[in-house]
Each structure stands twice: as structure tokens, then as C-alpha cells.
$ cat target25.txt   # compact mmCIF, C-alpha atoms (C1' of nucleotides)
# COMPACT_ATOMS: atom_id res chain seq x y z
CA MET A 65 0.00 0.00 0.00
CA THR A 66 2.78 2.38 0.70
CA GLY A 67 5.00 1.09 -2.02
CA ALA A 68 5.72 4.52 -3.38
CA ARG A 69 6.78 5.93 0.00
CA LYS A 70 9.06 2.98 0.65
CA VAL A 71 10.83 3.41 -2.62
CA LEU A 72 11.31 7.06 -1.85
CA LYS A 73 12.86 6.27 1.51
CA LEU A 74 15.15 3.72 -0.01
CA VAL A 75 16.38 6.20 -2.53
CA GLN A 76 17.07 8.71 0.21
CA ALA A 77 18.86 6.17 2.33
CA GLU A 78 20.97 5.10 -0.58
CA LEU A 79 21.92 8.59 -1.62
CA PRO A 80 25.69 8.58 -1.15
CA ASP A 81 25.72 10.12 2.31
CA GLU A 82 27.13 13.35 0.82
CA ARG A 83 30.63 12.61 -0.21
CA TYR A 84 33.43 13.66 2.09
CA ARG A 85 34.35 17.29 1.52
CA LEU A 86 37.91 17.75 2.61
CA GLN A 87 37.77 21.49 2.03
CA GLU A 88 35.00 21.87 4.60
CA GLN A 89 36.61 19.89 7.39
CA ILE A 90 37.74 21.92 10.37
CA GLY A 91 41.20 20.36 10.30
CA PHE A 92 41.85 21.30 6.73
CA VAL A 93 40.61 24.87 7.17
CA LEU A 94 42.64 25.23 10.35
CA ARG A 95 45.75 24.17 8.50
CA LYS A 96 45.10 26.60 5.67
CA ALA A 97 44.35 29.52 7.97
CA HIS A 98 47.50 28.76 9.91
CA GLN A 99 49.45 28.68 6.66
CA ARG A 100 48.17 32.06 5.60
CA HIS A 101 49.05 33.53 8.96
CA LEU A 102 52.58 32.15 8.74
CA ALA A 103 52.99 33.73 5.31
CA ILE A 104 51.82 37.12 6.58
CA PHE A 105 54.14 36.82 9.56
CA ALA A 106 57.11 35.94 7.39
CA ALA A 107 56.41 38.88 5.10
CA ARG A 108 56.42 41.34 8.02
CA ILE A 109 59.04 39.78 10.27
CA ALA A 110 61.56 38.06 8.11
CA ASP A 111 64.24 37.27 10.64
CA LEU A 112 62.18 35.53 13.32
CA THR A 113 59.59 32.75 13.27
CA PRO A 114 56.27 32.91 15.14
CA PRO A 115 57.42 30.41 17.79
CA GLN A 116 60.63 32.39 18.32
CA PHE A 117 58.67 35.59 18.66
CA ALA A 118 56.23 33.91 21.03
CA ALA A 119 59.11 32.86 23.26
CA LEU A 120 60.56 36.37 23.34
CA ALA A 121 57.18 38.02 23.93
CA LYS A 122 56.37 35.66 26.77
CA LEU A 123 59.77 36.16 28.36
CA ALA A 124 59.26 39.91 28.18
CA ASP A 125 55.94 39.38 29.93
CA VAL A 126 56.91 37.04 32.74
CA GLY A 127 60.65 37.58 33.09
CA GLU A 128 63.04 34.74 33.79
CA THR A 129 61.56 31.24 33.77
CA SER A 130 62.72 27.70 33.26
CA GLN A 131 62.81 26.34 29.75
CA ASN A 132 60.13 23.83 30.66
CA GLN A 133 57.82 26.40 32.18
CA LEU A 134 58.27 28.64 29.16
CA GLY A 135 57.23 25.73 26.99
CA THR A 136 54.04 25.34 28.98
CA LEU A 137 53.29 29.05 28.66
CA ILE A 138 53.65 29.08 24.89
CA ALA A 139 52.23 25.62 24.22
CA MET A 140 55.38 23.88 23.08
CA ASP A 141 56.67 20.53 24.19
CA ALA A 142 60.09 20.19 25.76
CA ALA A 143 61.85 19.00 22.63
CA THR A 144 60.47 21.80 20.51
CA VAL A 145 61.14 24.58 22.96
CA LYS A 146 64.73 23.47 23.28
CA GLY A 147 65.36 24.02 19.59
CA VAL A 148 63.67 27.41 19.65
CA ILE A 149 65.65 28.57 22.67
CA ASP A 150 68.91 27.24 21.25
CA ARG A 151 68.45 29.36 18.15
CA LEU A 152 67.50 32.45 20.14
CA LYS A 153 70.57 31.95 22.30
CA ALA A 154 72.81 31.56 19.25
CA ARG A 155 71.54 34.98 18.14
CA GLY A 156 72.15 36.57 21.51
CA LEU A 157 68.50 37.30 22.26
CA VAL A 158 68.24 35.13 25.36
CA GLU A 159 70.68 33.84 27.95
CA LEU A 160 70.63 30.63 29.91
CA THR A 161 71.70 29.92 33.46
CA ARG A 162 71.35 26.93 35.73
CA HIS A 163 68.98 27.40 38.63
CA ASP A 164 71.01 27.89 41.80
CA ILE A 165 69.07 25.51 43.99
CA ASP A 166 67.34 23.14 41.59
CA ARG A 167 70.13 22.29 39.23
CA ARG A 168 67.85 20.45 36.84
CA ARG A 169 66.26 23.70 35.74
CA LEU A 170 67.64 25.77 32.91
CA MET A 171 66.60 29.37 33.43
CA VAL A 172 65.92 31.49 30.37
CA SER A 173 65.91 35.28 30.28
CA LEU A 174 66.05 38.04 27.70
CA THR A 175 69.31 39.82 26.99
CA ALA A 176 69.23 43.58 26.51
CA GLU A 177 69.17 42.96 22.80
CA GLY A 178 66.34 40.49 23.22
CA ARG A 179 64.33 43.06 25.14
CA ALA A 180 64.97 45.68 22.49
CA THR A 181 63.95 43.23 19.77
CA VAL A 182 60.64 42.43 21.43
CA GLY A 183 59.89 46.12 21.86
CA ARG A 184 60.62 46.75 18.23
CA LEU A 185 58.57 43.79 16.97
CA ILE A 186 55.40 44.06 19.04
CA PRO A 187 53.93 46.82 16.84
CA LEU A 188 54.69 44.68 13.81
CA ALA A 189 53.03 41.70 15.48
CA GLU A 190 49.91 43.79 15.99
CA THR A 191 49.95 44.64 12.31
CA ILE A 192 50.26 40.95 11.49
CA THR A 193 47.26 40.15 13.64
CA ALA A 194 45.27 42.89 11.94
CA GLU A 195 46.26 41.76 8.47
CA THR A 196 45.39 38.15 9.23
CA LEU A 197 41.94 39.23 10.38
CA ALA A 198 41.50 41.81 7.63
CA PRO A 199 38.90 39.78 5.69
CA LEU A 200 36.58 40.03 8.69
CA SER A 201 34.72 42.88 10.34
CA PRO A 202 35.84 43.71 13.90
CA LYS A 203 32.80 41.96 15.29
CA GLU A 204 33.41 38.87 13.17
CA ALA A 205 37.06 38.85 14.20
CA ALA A 206 36.07 38.92 17.86
CA THR A 207 33.64 36.05 17.28
CA LEU A 208 36.26 34.01 15.49
CA LEU A 209 38.80 34.54 18.24
CA LYS A 210 36.28 33.55 20.89
CA LEU A 211 35.13 30.38 19.13
CA LEU A 212 38.63 29.39 18.16
CA SER A 213 39.79 29.78 21.76
CA ARG A 214 37.08 27.40 22.85
CA ILE A 215 38.35 24.60 20.64
CA ALA A 216 42.05 25.35 21.30
CA MET B 248 43.08 77.77 24.47
CA THR B 249 42.65 74.07 24.25
CA GLY B 250 45.34 73.30 26.78
CA ALA B 251 43.21 70.92 28.77
CA ARG B 252 42.30 68.85 25.74
CA LYS B 253 45.92 68.60 24.67
CA VAL B 254 47.00 67.32 28.04
CA LEU B 255 44.27 64.75 27.98
CA LYS B 256 45.43 63.49 24.62
CA LEU B 257 49.01 63.24 25.81
CA VAL B 258 47.97 61.14 28.77
CA GLN B 259 45.99 58.84 26.54
CA ALA B 260 48.88 58.48 24.14
CA GLU B 261 51.23 57.63 26.96
CA LEU B 262 49.01 55.03 28.54
CA PRO B 263 50.98 51.80 28.12
CA ASP B 264 49.16 50.74 24.99
CA GLU B 265 47.80 47.65 26.79
CA ARG B 266 50.59 45.18 27.01
CA TYR B 267 50.83 42.55 24.28
CA ARG B 268 48.70 39.54 25.05
CA LEU B 269 50.19 36.60 23.20
CA GLN B 270 47.37 34.28 24.24
CA GLU B 271 44.80 36.49 22.51
CA GLN B 272 46.58 36.81 19.18
CA ILE B 273 44.96 35.01 16.29
CA GLY B 274 48.24 33.34 15.32
CA PHE B 275 48.76 31.81 18.73
CA VAL B 276 45.18 30.58 19.01
CA LEU B 277 45.33 29.16 15.51
CA ARG B 278 48.45 27.22 16.39
CA LYS B 279 46.87 25.84 19.56
CA ALA B 280 43.62 24.86 17.87
CA HIS B 281 45.59 23.15 15.16
CA GLN B 282 47.62 21.30 17.80
CA ARG B 283 44.51 20.05 19.52
CA HIS B 284 43.08 18.84 16.25
CA LEU B 285 46.29 16.97 15.44
CA ALA B 286 46.16 15.26 18.81
CA ILE B 287 42.55 14.18 18.28
CA PHE B 288 43.42 12.93 14.81
CA ALA B 289 46.38 10.95 16.06
CA ALA B 290 44.26 9.36 18.78
CA ARG B 291 41.66 8.16 16.25
CA ILE B 292 43.86 7.39 13.26
CA ALA B 293 47.21 6.28 14.52
CA ASP B 294 48.77 5.02 11.34
CA LEU B 295 48.25 8.01 9.06
CA THR B 296 48.85 11.74 9.43
CA PRO B 297 46.32 14.42 8.45
CA PRO B 298 48.28 15.43 5.33
CA GLN B 299 48.53 11.80 4.27
CA PHE B 300 44.81 11.32 4.79
CA ALA B 301 44.08 14.55 2.91
CA ALA B 302 46.05 13.27 -0.06
CA LEU B 303 44.20 9.96 -0.09
CA ALA B 304 40.79 11.57 0.36
CA LYS B 305 41.43 14.03 -2.44
CA LEU B 306 42.66 11.29 -4.75
CA ALA B 307 39.52 9.30 -4.01
CA ASP B 308 37.54 12.38 -4.95
CA VAL B 309 39.23 13.45 -8.16
CA GLY B 310 40.93 10.30 -9.36
CA GLU B 311 44.36 10.31 -10.93
CA THR B 312 46.19 13.66 -10.95
CA SER B 313 49.72 14.94 -11.15
CA GLN B 314 51.67 15.29 -7.96
CA ASN B 315 51.78 19.05 -8.45
CA GLN B 316 48.07 19.38 -9.05
CA LEU B 317 47.36 17.27 -6.01
CA GLY B 318 49.51 19.63 -3.99
CA THR B 319 47.42 22.57 -5.17
CA LEU B 320 44.21 20.76 -4.25
CA ILE B 321 45.32 20.00 -0.70
CA ALA B 322 47.32 23.20 -0.14
CA MET B 323 50.80 21.74 0.00
CA ASP B 324 53.84 23.01 -1.79
CA ALA B 325 55.75 20.78 -4.17
CA ALA B 326 58.49 19.84 -1.73
CA THR B 327 56.04 18.85 0.97
CA VAL B 328 53.70 16.88 -1.23
CA LYS B 329 56.61 14.86 -2.55
CA GLY B 330 57.47 13.62 0.92
CA VAL B 331 53.85 12.76 1.67
CA ILE B 332 53.38 10.87 -1.59
CA ASP B 333 56.69 9.04 -1.19
CA ARG B 334 55.54 7.69 2.14
CA LEU B 335 52.11 6.71 0.82
CA LYS B 336 53.79 4.94 -2.08
CA ALA B 337 56.15 3.09 0.26
CA ARG B 338 53.04 1.80 2.02
CA GLY B 339 51.35 0.72 -1.17
CA LEU B 340 48.45 3.15 -0.91
CA VAL B 341 49.21 5.09 -4.08
CA GLU B 342 51.01 4.34 -7.30
CA LEU B 343 52.98 6.64 -9.55
CA THR B 344 53.30 6.71 -13.33
CA ARG B 345 54.80 9.14 -15.77
CA HIS B 346 52.32 11.02 -17.91
CA ASP B 347 52.37 9.57 -21.42
CA ILE B 348 52.45 12.84 -23.29
CA ASP B 349 53.85 15.37 -20.84
CA ARG B 350 56.76 13.51 -19.41
CA ARG B 351 57.40 16.09 -16.72
CA ARG B 352 54.26 15.08 -14.89
CA LEU B 353 54.18 12.37 -12.26
CA MET B 354 50.70 10.95 -12.11
CA VAL B 355 49.41 9.76 -8.74
CA SER B 356 46.51 7.39 -8.21
CA LEU B 357 45.11 5.21 -5.46
CA THR B 358 45.83 1.52 -5.37
CA ALA B 359 43.02 -0.86 -4.46
CA GLU B 360 44.38 -0.88 -0.93
CA GLY B 361 44.48 2.91 -0.93
CA ARG B 362 40.86 3.07 -1.99
CA ALA B 363 39.88 0.61 0.71
CA THR B 364 41.80 2.58 3.29
CA VAL B 365 40.05 5.84 2.43
CA GLY B 366 36.68 4.16 2.60
CA ARG B 367 37.51 2.75 5.98
CA LEU B 368 38.87 6.04 7.37
CA ILE B 369 36.28 8.55 6.19
CA PRO B 370 33.82 7.68 8.99
CA LEU B 371 36.65 8.07 11.48
CA ALA B 372 37.55 11.43 9.94
CA GLU B 373 33.99 12.58 10.45
CA THR B 374 34.25 11.56 14.09
CA ILE B 375 37.48 13.54 14.36
CA THR B 376 35.80 16.62 12.95
CA ALA B 377 32.92 16.21 15.38
CA GLU B 378 35.24 15.74 18.34
CA THR B 379 37.30 18.78 17.41
CA LEU B 380 34.15 20.88 17.27
CA ALA B 381 32.57 19.27 20.32
CA PRO B 382 33.08 22.32 22.58
CA LEU B 383 30.77 24.30 20.29
CA SER B 384 27.08 24.14 19.47
CA PRO B 385 26.24 23.18 15.88
CA LYS B 386 25.44 26.79 15.08
CA GLU B 387 28.71 28.00 16.61
CA ALA B 388 30.62 25.33 14.72
CA ALA B 389 29.09 26.49 11.46
CA THR B 390 29.99 30.10 12.27
CA LEU B 391 33.55 29.15 13.12
CA LEU B 392 33.97 27.20 9.92
CA LYS B 393 32.60 30.05 7.87
CA LEU B 394 34.78 32.74 9.47
CA LEU B 395 37.86 30.54 9.43
CA SER B 396 37.35 29.82 5.74
CA ARG B 397 37.32 33.54 5.06
CA ILE B 398 40.76 34.05 6.56
CA ALA B 399 42.20 30.82 5.13
C1' DT C 115 68.42 7.44 55.22
C1' DT C 116 67.46 5.23 51.14
C1' DG C 117 64.92 3.28 47.49
C1' DA C 118 61.03 4.49 44.48
C1' DT C 119 59.00 8.09 42.05
C1' DA C 120 58.70 12.43 39.85
C1' DT C 121 60.51 16.28 37.30
C1' DC C 122 63.61 18.76 34.04
C1' DA C 123 66.31 18.55 30.17
C1' DT C 124 68.37 16.26 26.22
C1' DT C 125 68.66 13.26 22.28
C1' DT C 126 66.93 10.60 18.44
C1' DG C 127 63.76 9.55 14.86
C1' DC C 128 60.11 10.75 12.00
C1' DA C 129 56.90 13.94 9.56
C1' DT C 130 55.38 18.22 8.01
C1' DA C 131 56.45 22.86 5.97
C1' DC C 132 58.63 26.21 2.96
C1' DG C 133 62.32 28.95 0.36
C1' DA C 134 65.76 28.57 -2.97
C1' DA C 135 68.38 26.31 -6.40
C1' DT C 136 68.55 22.86 -10.12
C1' DG C 137 67.35 19.88 -13.96
C1' DA C 138 64.10 18.09 -17.35
C1' DT C 139 60.53 19.01 -20.39
C1' DT C 140 57.09 21.75 -22.63
C1' DT C 141 55.11 25.94 -24.35
C1' DT C 142 55.49 30.65 -26.22
C1' DG C 143 56.98 34.35 -29.00
C1' DC C 144 59.16 35.88 -32.70
C1' DG D 218 62.09 26.45 -35.99
C1' DC D 219 64.41 28.16 -32.05
C1' DA D 220 65.62 30.80 -28.18
C1' DA D 221 63.25 32.41 -24.00
C1' DA D 222 59.99 31.59 -20.62
C1' DA D 223 57.06 28.63 -18.07
C1' DT D 224 55.96 24.34 -15.74
C1' DC D 225 56.84 20.00 -13.17
C1' DA D 226 59.57 17.61 -10.16
C1' DT D 227 63.58 17.01 -7.15
C1' DT D 228 67.02 18.25 -3.75
C1' DC D 229 68.97 20.86 0.04
C1' DG D 230 68.79 23.53 4.12
C1' DT D 231 66.33 25.20 8.03
C1' DA D 232 62.60 25.17 11.46
C1' DT D 233 58.82 23.48 13.85
C1' DG D 234 56.37 19.55 16.23
C1' DC D 235 55.80 15.30 18.77
C1' DA D 236 56.74 10.47 20.77
C1' DA D 237 59.86 7.76 23.07
C1' DA D 238 64.05 6.79 25.44
C1' DT D 239 67.71 8.43 28.50
C1' DG D 240 70.26 10.86 32.08
C1' DA D 241 70.55 14.02 35.92
C1' DT D 242 68.58 15.80 39.89
C1' DA D 243 65.04 16.36 43.39
C1' DT D 244 61.25 14.76 46.24
C1' DC D 245 58.61 11.36 48.66
C1' DA D 246 57.73 7.47 51.55
C1' DA D 247 58.76 3.74 54.28
$ encode --input "target25.txt" --output "C-alpha cells"
Amino acid sequence: MTGARKVLKLVQAELPDERYRLQEQIGFVLRKAHQRHLAIFAARIADLTPPQFAALAKLADVGETSQNQLGTLIAMDAATVKGVIDRLKARGLVELTRHDIDRRRLMVSLTAEGRATVGRLIPLAETITAETLAPLSPKEAATLLKLLSRIA
Amino acid sequence: MTGARKVLKLVQAELPDERYRLQEQIGFVLRKAHQRHLAIFAARIADLTPPQFAALAKLADVGETSQNQLGTLIAMDAATVKGVIDRLKARGLVELTRHDIDRRRLMVSLTAEGRATVGRLIPLAETITAETLAPLSPKEAATLLKLLSRIA
DNA sequence: TTGATATCATTTGCATACGAATGATTTTGC
DNA sequence: GCAAAATCATTCGTATGCAAATGATATCAA
């Protein structure tokens, strides 16, 4: 009696459950957005990478900390932060000392040049943020930042 | 005559222009969100990376293409895509042939095993997307995806 | 106190990522 | 048709990024 309806349902059920759209997956879009940001950063600040700048900016904010603690603050694991700090040290932007009491800890702090560099770059970093968000209205940018923070 | 106004402006200009908040910069949040997504992906699909899966999924979608073209489709530069494809080839998931007419081109296509693998993983990939977006309501997730696409 | 456990840092191995240089092939312009 | 330019792929160098293993030191617990 309901032959026609059944056929219709079958057809719907069999419709290839919308094929997988890579371009609409959050992971893919995150990767692309991150890529674009890196390109903007590199165009404005050629001699430092975002992780390197993050380390310097955080050190300027909190002062001397252990390498491990710094990694926690800027969301980098121990192996990664070591490489970043090594390169900053080689360029004379940070200096390392052993903690007096807890000799496991490697304390990191800005050199005078490191402090000067951060001061010089922060306005550029603000420009980079603005340029990255330029396709959006201020309200949209605020929404994006809020939602993105929730899944970060 | 407008002395008072001038002083006011000076004070405003001198106010420490709100110190730089790394944690609120779009670049930092993008990096963290991307990190979390990678961790979720790795937990669900241990034997393949997101770029590797992207390559397979795109090949399943468009069929045989050149290595270069594939790179364009999944937003990877030539050097990066080569590494990804090399590893997929070593695992028997894709096969490579020279283009008959244009002998510069390296054509990439899925093997039977590659096709089976994509079919098996797509449901998992959908779970990964859902889990990544889990902190948001469906409407918020849609908004995030839309805004993120605009800056990607 | 001392043995087990935890923490901090380092090293190794693997996988993106991208710029720059190079080589092979094709297409364009004249 | 041929030299110049463009395209495709590869290689090299550098920089994240993470898991796993290791060593050094500190803390905890019996």
C-alpha cells in the first residue's frame, strides 16, 4: 500500500551520504588559515619565526623562567622549545643559566638585545594580527577569536 | 586655548598601549587549535597523518592527478607533497606513473588498498571533525567554519 | 636514610612545511 | 624552428612539532 513511500525512503537512504568534503573539514581549514598567517608573519618579520617571537614576547611578559615552564606558557613541548631557545641563544637574544638551587632547571631570560627586539617587533606583530583578520569585520574577528579559543 | 584637551590626549597616548597579550593573538590561538586537532586525529587514526589522509581523500575524490596538481588541491607546496606521496607509495596506498604525453608530470593514483583505506577512514575522519568541534554548538561550529574559511 | 618516584632537560627519529636552487621538459613568442 | 619563458619535479637547508628513550637531579615514603 505504501510502495511509493518505501521506494522514496530507499532512494534517500541510498543517496551517497554526501561525499566527504575535505575542504569543509575543520582540520583542513585550520591548516590553511594557519598557513596564511605564517605567510603574513614571514612577510612582516623576516628574521624571526612565530614560535621564536612567542618565546621572546612571553619572556618579556613574565621575566626569567625555566625552559620547561616557558614551553608550557607558549604551548610547546620540551623537545620543541629546546630548539627554539637554542636558536635564540645563538643569536644573543636570550641567555641561559642553571637554577642555583634546583640544578635540573635551565633558566631562560632576555638579553638587553632580546628586550629591544621584542619592543621593536610588538607593533609589527599587531599589524600581522590585523592583516590576518582583515577579511573580517571587527565583530566577526572577535567572534572568530572567541570560538577558536574554545576549541584550542 | 585648548590646553586641557591637549594634556588629555598626551595622557591617553602615553598610557601603556595595553601590554601585548600573546594568548589572545589570532596566530597563537590558531596554532593551539591546530595542535589540539592533530592530537585528536592521532588518537583516532594512529597510522596516518592528516596530510597523508588529505592526499588519499582528495585522490579518491578526483581520481588520478599529477603530484603538483594534487599539492594545489590540498594546499601543499611541491616539496612537501613529494614527501607525503613518497611515504604513501612506500606503504602501497598510491602508485605513480609518468604522464604519457607530458613527461614532466608524475601521475598519482590510489591503489586498491588505498581506496579501501580511504573508505575505511572517512567515517573516522567525520568523528574527528565532530570531536574537534565538540566544545561548540552546531550553530557555533558552522559560524567558526565560515569565518575561518574567510581568513584561510 | 634510602629506594622508588617524579621532574627537568636532552637526544633521536620521523613527519610536516617552505624557500631557494637545479634539472628536465614543454610551451610561447618571434 | 628556435631561443626564452614557463611548468613540473627534485634536492637541500632550516625550522617546527611530537613520541619515546635516557640521564641528571630532586622529592617522597617507608
$ interface_residues --input "target25.txt" --of "chain C" --to "chain A" --cutoff "10 Å" --atoms "only C-alpha atoms (C1' of nucleotides)" --output "count of residues only"
7
$ interface_residues --input "target25.txt" --of "chain B" --to "chain A" --cutoff "7 Å" --atoms "all atoms listed in the file" --output "ChimeraX atom specification"
/B:269,272-274,276-281,283-284,301,376,379-380,382,391-392,394-399
$ atom_distance --input "target25.txt" --atom1 "atom C1' of D:DG240" --atom2 "atom C1' of C:DT119"
15.3 Å
$ atom_distance --input "target25.txt" --atom1 "atom CA of A:Val126" --atom2 "atom CA of A:Leu188"
20.5 Å
$ interface_residues --input "target25.txt" --of "chain D" --to "chain A" --cutoff "10 Å" --atoms "all atoms listed in the file" --output "CSV table (one decimal) with C-alpha atoms (C1' of nucleotides), in the coordinates of the input"
chain,number,residue,atom,x,y,z
D,232,DA,C1',62.6,25.2,11.5
D,233,DT,C1',58.8,23.5,13.8
D,234,DG,C1',56.4,19.6,16.2
D,235,DC,C1',55.8,15.3,18.8
D,241,DA,C1',70.6,14.0,35.9
D,242,DT,C1',68.6,15.8,39.9
D,243,DA,C1',65.0,16.4,43.4
$ residues_near_point --input "target25.txt" --point "(65.0, 15.8, 8.6)" --cutoff "10 Å" --atoms "all atoms listed in the file" --output "number ranges by chain"
C: 127-130; D: 230-231
$ residues_around --input "target25.txt" --residues "D:DA222" --least-positions-apart "5" --cutoff "10 Å" --atoms "all atoms listed in the file" --output "PDB file with C-alpha atoms (C1' of nucleotides), in the frame of the given file"
ATOM      1  C1'  DT C 141      55.110  25.940 -24.350  1.00  0.00           C
ATOM      2  C1'  DT C 142      55.490  30.650 -26.220  1.00  0.00           C
ATOM      3  C1'  DG C 143      56.980  34.350 -29.000  1.00  0.00           C
TER       4       DG C 143
END
$ atom_distance --input "target25.txt" --atom1 "atom CA of B:Arg338" --atom2 "atom CA of B:Thr364"
11.3 Å
$ closest_residue --input "target25.txt" --among "C:DT126, C:DG137, C:DC144, C:DG117" --to "D:DC219" --atoms "all atoms listed in the file"
C:DC144
$ residues_around --input "target25.txt" --residues "stretch 360-362 of chain B" --least-positions-apart "2" --cutoff "9 Å" --atoms "all atoms listed in the file" --output "MDAnalysis selection string"
chainID B and resid 303:304 306:307 335 339:341 356:358 364:367
$ axis_aligned_box --input "target25.txt" --around "stretch 131-144 of chain C" --padding-each-side "8 Å" --output "JSON"
{"center_x": 61.8, "center_y": 27.0, "center_z": -13.4, "size_x": 29.4, "size_y": 33.8, "size_z": 54.7}
$ decode --input "target25.txt" --residues "stretch 129-140 of chain C" --atoms "N, CA and C atoms (P, O5', C5', C4', C3', O3' and C1' of nucleotides)" --output "CSV table (one decimal), in the first residue's frame"
chain,number,residue,atom,x,y,z
C,129,DA,P,57.7,8.8,8.8
C,129,DA,O5',57.0,10.3,8.8
C,129,DA,C5',56.1,10.5,9.8
C,129,DA,C4',55.7,12.0,9.7
C,129,DA,C3',55.5,12.5,8.3
C,129,DA,O3',54.3,13.2,8.2
C,129,DA,C1',56.9,13.9,9.6
C,130,DT,P,53.7,13.6,6.7
C,130,DT,O5',54.5,14.8,6.3
C,130,DT,C5',53.9,16.0,5.9
C,130,DT,C4',53.6,16.9,7.2
C,130,DT,C3',53.4,18.3,6.8
C,130,DT,O3',52.5,18.9,7.7
C,130,DT,C1',55.4,18.2,8.0
C,131,DA,P,51.6,20.2,7.2
C,131,DA,O5',52.9,21.1,7.0
C,131,DA,C5',52.8,22.3,6.6
C,131,DA,C4',54.2,23.0,6.4
C,131,DA,C3',54.3,23.4,5.0
C,131,DA,O3',53.9,24.8,5.0
C,131,DA,C1',56.5,22.9,6.0
C,132,DC,P,53.5,25.5,3.6
C,132,DC,O5',54.9,26.2,3.2
C,132,DC,C5',55.4,27.1,4.2
C,132,DC,C4',56.9,27.4,3.8
C,132,DC,C3',57.0,27.8,2.3
C,132,DC,O3',57.7,29.0,2.2
C,132,DC,C1',58.6,26.2,3.0
C,133,DG,P,57.5,29.9,0.9
C,133,DG,O5',59.0,30.4,0.7
C,133,DG,C5',59.8,30.8,1.8
C,133,DG,C4',61.3,30.7,1.5
C,133,DG,C3',61.6,31.2,0.0
C,133,DG,O3',62.8,32.0,0.1
C,133,DG,C1',62.3,29.0,0.4
C,134,DA,P,63.3,32.8,-1.2
C,134,DA,O5',64.4,31.9,-1.8
C,134,DA,C5',65.4,31.4,-0.9
C,134,DA,C4',66.3,30.4,-1.6
C,134,DA,C3',66.5,30.8,-3.1
C,134,DA,O3',67.9,30.7,-3.4
C,134,DA,C1',65.8,28.6,-3.0
C,135,DA,P,68.5,31.2,-4.7
C,135,DA,O5',69.1,29.8,-5.4
C,135,DA,C5',69.8,29.0,-4.6
C,135,DA,C4',70.0,27.6,-5.3
C,135,DA,C3',70.3,27.7,-6.8
C,135,DA,O3',71.3,26.8,-7.1
C,135,DA,C1',68.4,26.3,-6.4
C,136,DT,P,71.9,26.8,-8.6
C,136,DT,O5',71.2,25.4,-9.1
C,136,DT,C5',71.3,24.2,-8.4
C,136,DT,C4',70.6,23.1,-9.1
C,136,DT,C3',70.8,23.2,-10.6
C,136,DT,O3',71.4,21.9,-11.1
C,136,DT,C1',68.5,22.9,-10.1
C,137,DG,P,71.9,21.8,-12.6
C,137,DG,O5',70.7,20.8,-13.2
C,137,DG,C5',70.4,19.6,-12.4
C,137,DG,C4',69.3,18.9,-13.1
C,137,DG,C3',69.4,18.9,-14.6
C,137,DG,O3',69.0,17.6,-15.0
C,137,DG,C1',67.3,19.9,-14.0
C,138,DA,P,69.1,17.1,-16.5
C,138,DA,O5',67.6,17.0,-17.0
C,138,DA,C5',66.7,16.1,-16.2
C,138,DA,C4',65.3,16.2,-16.7
C,138,DA,C3',65.2,16.2,-18.2
C,138,DA,O3',64.2,15.2,-18.5
C,138,DA,C1',64.1,18.1,-17.3
C,139,DT,P,63.9,14.8,-20.1
C,139,DT,O5',62.6,15.8,-20.4
C,139,DT,C5',61.4,15.6,-19.7
C,139,DT,C4',60.5,16.8,-20.0
C,139,DT,C3',60.1,16.9,-21.4
C,139,DT,O3',58.8,16.6,-21.6
C,139,DT,C1',60.5,19.0,-20.4
C,140,DT,P,58.1,16.5,-23.0
C,140,DT,O5',57.3,18.0,-23.0
C,140,DT,C5',56.5,18.3,-21.9
C,140,DT,C4',56.1,19.8,-22.0
C,140,DT,C3',55.5,20.2,-23.3
C,140,DT,O3',54.2,20.7,-23.0
C,140,DT,C1',57.1,21.7,-22.6
